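Enquirer: Dropping the structure in here first, questions after.
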Amino acid sequence: MVDLEPTNADDVLADVLIEEISIDGMCGVY
Amino acid sequence: MTAYALHPQVGLRDEQFGALAYHYGNRRLTFLNDARLVTVVRSAADYDDVDAALDAAGVPVESRPAYAKALARLAQAEVLVARH
């Protein structure tokens, strides 16, 4: 039976899937 | 049931690693490091629930809790907007 409840492994994969940074004050870089 | 749509102030740019999402309002830049996640983000507005979007993007069932977490974080970061 597959356990679909969130686990620590899910947190790790979620961390790999997205990274967030703020570039406030760097207008024009992108 | 949760569904999402791309925030109207967010621009997506395809990259080799996936895509960059830039929010023109809060100036946050988010790296989407997975092609399937990018597909879900782009197509989220076309589906009435997130599971259908994940299914259409080919996300394996065992990986869906992690993708759901990633999508929730994208909603917190205002890359996505939740639709209920």
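Simple scheme: letters A, B, ... for chains in structure tokens order, numbers from 1 for residues in each chain, numbers from 1 for ligands in the order shown.
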Could you name the residues that touch Leu20 in chain B at 8 Å or less, counting only C-alpha atoms, but leaving out those on the same chain fewer than 3 positions away, as a PyMOL selection string?
Expert: chain B and resi 12-15+29-32
Enquirer: Fewer than 5 positions away in the same chain doesn't count, so skip those; otherwise give me all residues within 7 Å of Val40 in chain B, counting only C-alpha atoms, as a list in words.
Expert: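 Using only C-alpha atoms, the neighbours found are Ala53, Leu54 and Ala57 of chain B.
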Enquirer: Please dump the current selection as a PDB file, in the first residue's frame; keep N, CA and C atoms.
Expert:
ATOM      1  N   ALA B  53      -4.093  18.044 -12.821  1.00  0.00           N
ATOM      2  CA  ALA B  53      -2.945  18.700 -13.453  1.00  0.00           C
ATOM      3  C   ALA B  53      -1.684  17.864 -13.294  1.00  0.00           C
ATOM      4  N   LEU B  54      -1.503  17.276 -12.106  1.00  0.00           N
ATOM      5  CA  LEU B  54      -0.338  16.425 -11.862  1.00  0.00           C
ATOM      6  C   LEU B  54      -0.399  15.176 -12.731  1.00  0.00           C
ATOM      7  N   ALA B  57       0.475  15.948 -16.319  1.00  0.00           N
ATOM      8  CA  ALA B  57       1.894  16.251 -16.496  1.00  0.00           C
ATOM      9  C   ALA B  57       2.765  15.006 -16.343  1.00  0.00           C
TER      10      ALA B  57
END
Enquirer: Can you pull out the residues contacting Ala66 in chain B? Cut-off 6 Å, using only C-alpha atoms, and skip same-chain residues under 2 positions away; I want them as an MDAnalysis selection string.
Expert: (chainID A and resid 10 13:14) or (chainID B and resid 63:64 68:69)
Enquirer: Take the residues that were just selected and, keeping C-alpha atoms, output them as a tab-separated table (two decimals), in the first residue's frame.
Expert:
chain	number	residue	atom	x	y	z
A	10	ASP	CA	8.53	14.79	0.37
A	13	LEU	CA	11.99	16.61	-2.91
A	14	ALA	CA	9.87	19.77	-2.66
B	63	SER	CA	5.88	11.80	-6.02
B	64	ARG	CA	2.60	13.72	-5.83
B	68	ALA	CA	1.71	19.20	-3.86
B	69	LYS	CA	4.02	20.70	-1.24
Enquirer: Any idea which chain A residues end up within 6 Å of chain B if we count only C-alpha atoms, as a PyMOL selection string please?
Expert: chain A and resi 6+10+13-14+17-22+24
Enquirer: Restricting it to C-alpha atoms, dump the selection as a PDB file, in the first residue's frame.
Expert:
ATOM      1  CA  PRO A   6       3.563  13.959   3.357  1.00  0.00           C
ATOM      2  CA  ASP A  10       8.531  14.789   0.367  1.00  0.00           C
ATOM      3  CA  LEU A  13      11.987  16.607  -2.912  1.00  0.00           C
ATOM      4  CA  ALA A  14       9.871  19.772  -2.659  1.00  0.00           C
ATOM      5  CA  LEU A  17      11.858  21.179  -7.078  1.00  0.00           C
ATOM      6  CA  ILE A  18      11.812  24.890  -6.238  1.00  0.00           C
ATOM      7  CA  GLU A  19      14.256  27.508  -4.955  1.00  0.00           C
ATOM      8  CA  GLU A  20      13.179  31.024  -4.044  1.00  0.00           C
ATOM      9  CA  ILE A  21      15.321  34.138  -3.943  1.00  0.00           C
ATOM     10  CA  SER A  22      14.498  37.823  -3.567  1.00  0.00           C
ATOM     11  CA  ASP A  24      14.439  43.346  -4.537  1.00  0.00           C
TER      12      ASP A  24
END
Enquirer: Name the residues of chain B that fall into strand (DSSP E or B) according to DSSP on the backbone, using the chain letters and numbers of this document, as an MDAnalysis selection string.
Expert: chainID B and resid 3:6 10:15 18:23 28:32 80:83
Enquirer: Kindly save the residues from that selection, with N, CA and C atoms included, as an mmCIF file, in the first residue's frame.
Expert:
data_model
loop_
_atom_site.group_PDB
_atom_site.id
_atom_site.type_symbol
_atom_site.label_atom_id
_atom_site.label_comp_id
_atom_site.auth_asym_id
_atom_site.auth_seq_id
_atom_site.Cartn_x
_atom_site.Cartn_y
_atom_site.Cartn_z
ATOM 1 N N ALA B 3 -7.255 24.015 -6.555
ATOM 2 C CA ALA B 3 -6.755 24.182 -7.919
ATOM 3 C C ALA B 3 -5.938 25.467 -7.941
ATOM 4 N N TYR B 4 -5.089 25.565 -8.913
ATOM 5 C CA TYR B 4 -4.213 26.730 -8.984
ATOM 6 C C TYR B 4 -4.254 27.347 -10.370
ATOM 7 N N ALA B 5 -3.761 28.576 -10.432
ATOM 8 C CA ALA B 5 -3.533 29.239 -11.713
ATOM 9 C C ALA B 5 -2.283 30.097 -11.555
ATOM 10 N N LEU B 6 -1.587 30.321 -12.645
ATOM 11 C CA LEU B 6 -0.410 31.171 -12.597
ATOM 12 C C LEU B 6 -0.826 32.590 -12.211
ATOM 13 N N VAL B 10 3.113 37.129 -12.785
ATOM 14 C CA VAL B 10 4.289 36.263 -12.873
ATOM 15 C C VAL B 10 4.624 35.955 -14.326
ATOM 16 N N GLY B 11 5.897 36.103 -14.647
ATOM 17 C CA GLY B 11 6.391 35.710 -15.960
ATOM 18 C C GLY B 11 7.226 34.451 -15.834
ATOM 19 N N LEU B 12 7.044 33.529 -16.768
ATOM 20 C CA LEU B 12 7.811 32.289 -16.769
ATOM 21 C C LEU B 12 8.782 32.303 -17.944
ATOM 22 N N ARG B 13 10.008 31.907 -17.694
ATOM 23 C CA ARG B 13 10.980 31.791 -18.777
ATOM 24 C C ARG B 13 11.582 30.388 -18.748
ATOM 25 N N ASP B 14 11.502 29.694 -19.852
ATOM 26 C CA ASP B 14 12.058 28.345 -19.922
ATOM 27 C C ASP B 14 13.577 28.378 -19.827
ATOM 28 N N GLU B 15 14.109 27.442 -19.066
ATOM 29 C CA GLU B 15 15.557 27.289 -18.907
ATOM 30 C C GLU B 15 15.905 25.815 -19.049
ATOM 31 N N GLY B 18 14.644 23.843 -16.173
ATOM 32 C CA GLY B 18 13.202 23.894 -15.941
ATOM 33 C C GLY B 18 12.681 25.249 -16.361
ATOM 34 N N ALA B 19 12.503 26.157 -15.387
ATOM 35 C CA ALA B 19 12.046 27.508 -15.731
ATOM 36 C C ALA B 19 12.329 28.460 -14.579
ATOM 37 N N LEU B 20 12.386 29.735 -14.933
ATOM 38 C CA LEU B 20 12.455 30.800 -13.943
ATOM 39 C C LEU B 20 11.084 31.457 -13.869
ATOM 40 N N ALA B 21 10.624 31.725 -12.660
ATOM 41 C CA ALA B 21 9.376 32.458 -12.471
ATOM 42 C C ALA B 21 9.718 33.776 -11.792
ATOM 43 N N TYR B 22 9.351 34.876 -12.417
ATOM 44 C CA TYR B 22 9.619 36.185 -11.827
ATOM 45 C C TYR B 22 8.301 36.886 -11.534
ATOM 46 N N HIS B 23 8.153 37.335 -10.286
ATOM 47 C CA HIS B 23 6.947 38.046 -9.876
ATOM 48 C C HIS B 23 7.223 39.547 -9.957
ATOM 49 N N ARG B 28 10.130 38.624 -6.487
ATOM 50 C CA ARG B 28 10.762 37.354 -6.124
ATOM 51 C C ARG B 28 11.023 36.538 -7.375
ATOM 52 N N LEU B 29 12.169 35.904 -7.376
ATOM 53 C CA LEU B 29 12.553 35.023 -8.468
ATOM 54 C C LEU B 29 12.539 33.599 -7.930
ATOM 55 N N THR B 30 11.854 32.723 -8.608
ATOM 56 C CA THR B 30 11.746 31.335 -8.157
ATOM 57 C C THR B 30 12.255 30.413 -9.253
ATOM 58 N N PHE B 31 13.132 29.508 -8.873
ATOM 59 C CA PHE B 31 13.653 28.517 -9.806
ATOM 60 C C PHE B 31 12.767 27.278 -9.752
ATOM 61 N N LEU B 32 12.235 26.896 -10.871
ATOM 62 C CA LEU B 32 11.468 25.649 -10.966
ATOM 63 C C LEU B 32 12.396 24.626 -11.608
ATOM 64 N N LEU B 80 1.744 31.124 -7.850
ATOM 65 C CA LEU B 80 0.430 30.588 -8.197
ATOM 66 C C LEU B 80 -0.625 31.256 -7.323
ATOM 67 N N VAL B 81 -1.840 31.284 -7.806
ATOM 68 C CA VAL B 81 -2.972 31.682 -6.969
ATOM 69 C C VAL B 81 -3.874 30.461 -6.821
ATOM 70 N N ALA B 82 -4.371 30.258 -5.601
ATOM 71 C CA ALA B 82 -5.251 29.122 -5.337
ATOM 72 C C ALA B 82 -6.658 29.447 -5.811
ATOM 73 N N ARG B 83 -7.310 28.455 -6.387
ATOM 74 C CA ARG B 83 -8.717 28.568 -6.773
ATOM 75 C C ARG B 83 -9.467 27.507 -6.001
#
Enquirer: If you measure from CA of Val12 in chain A to CA of Met1 in chain B, what distance in Å do you get, rounded to one decimal?
Expert: 24.4 Å
Enquirer: Could you pull out all residues of range 18-54 of chain B with a DSSP call of helix (DSSP H, G or I) and give them as a list in words?
Expert: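 Answer for range 18-54 of chain B, restricted to helix (DSSP H, G or I): Ala35, Arg36, Leu37, Val38, Thr39, Val40, Val41, Arg42, Ser43, Ala44, Ala45, Asp46, Val50, Asp51, Ala52, Ala53 and Leu54 of chain B.
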Enquirer: Need the shell around Ala56 in chain B: protein/DNA/RNA residues with any atom at most 10 Å away, counting only C-alpha atoms. Skip same-chain ones fewer than 5 positions apart. Format as an MDAnalysis selection string?
Expert: chainID B and resid 36 39:40 43 47 50:51
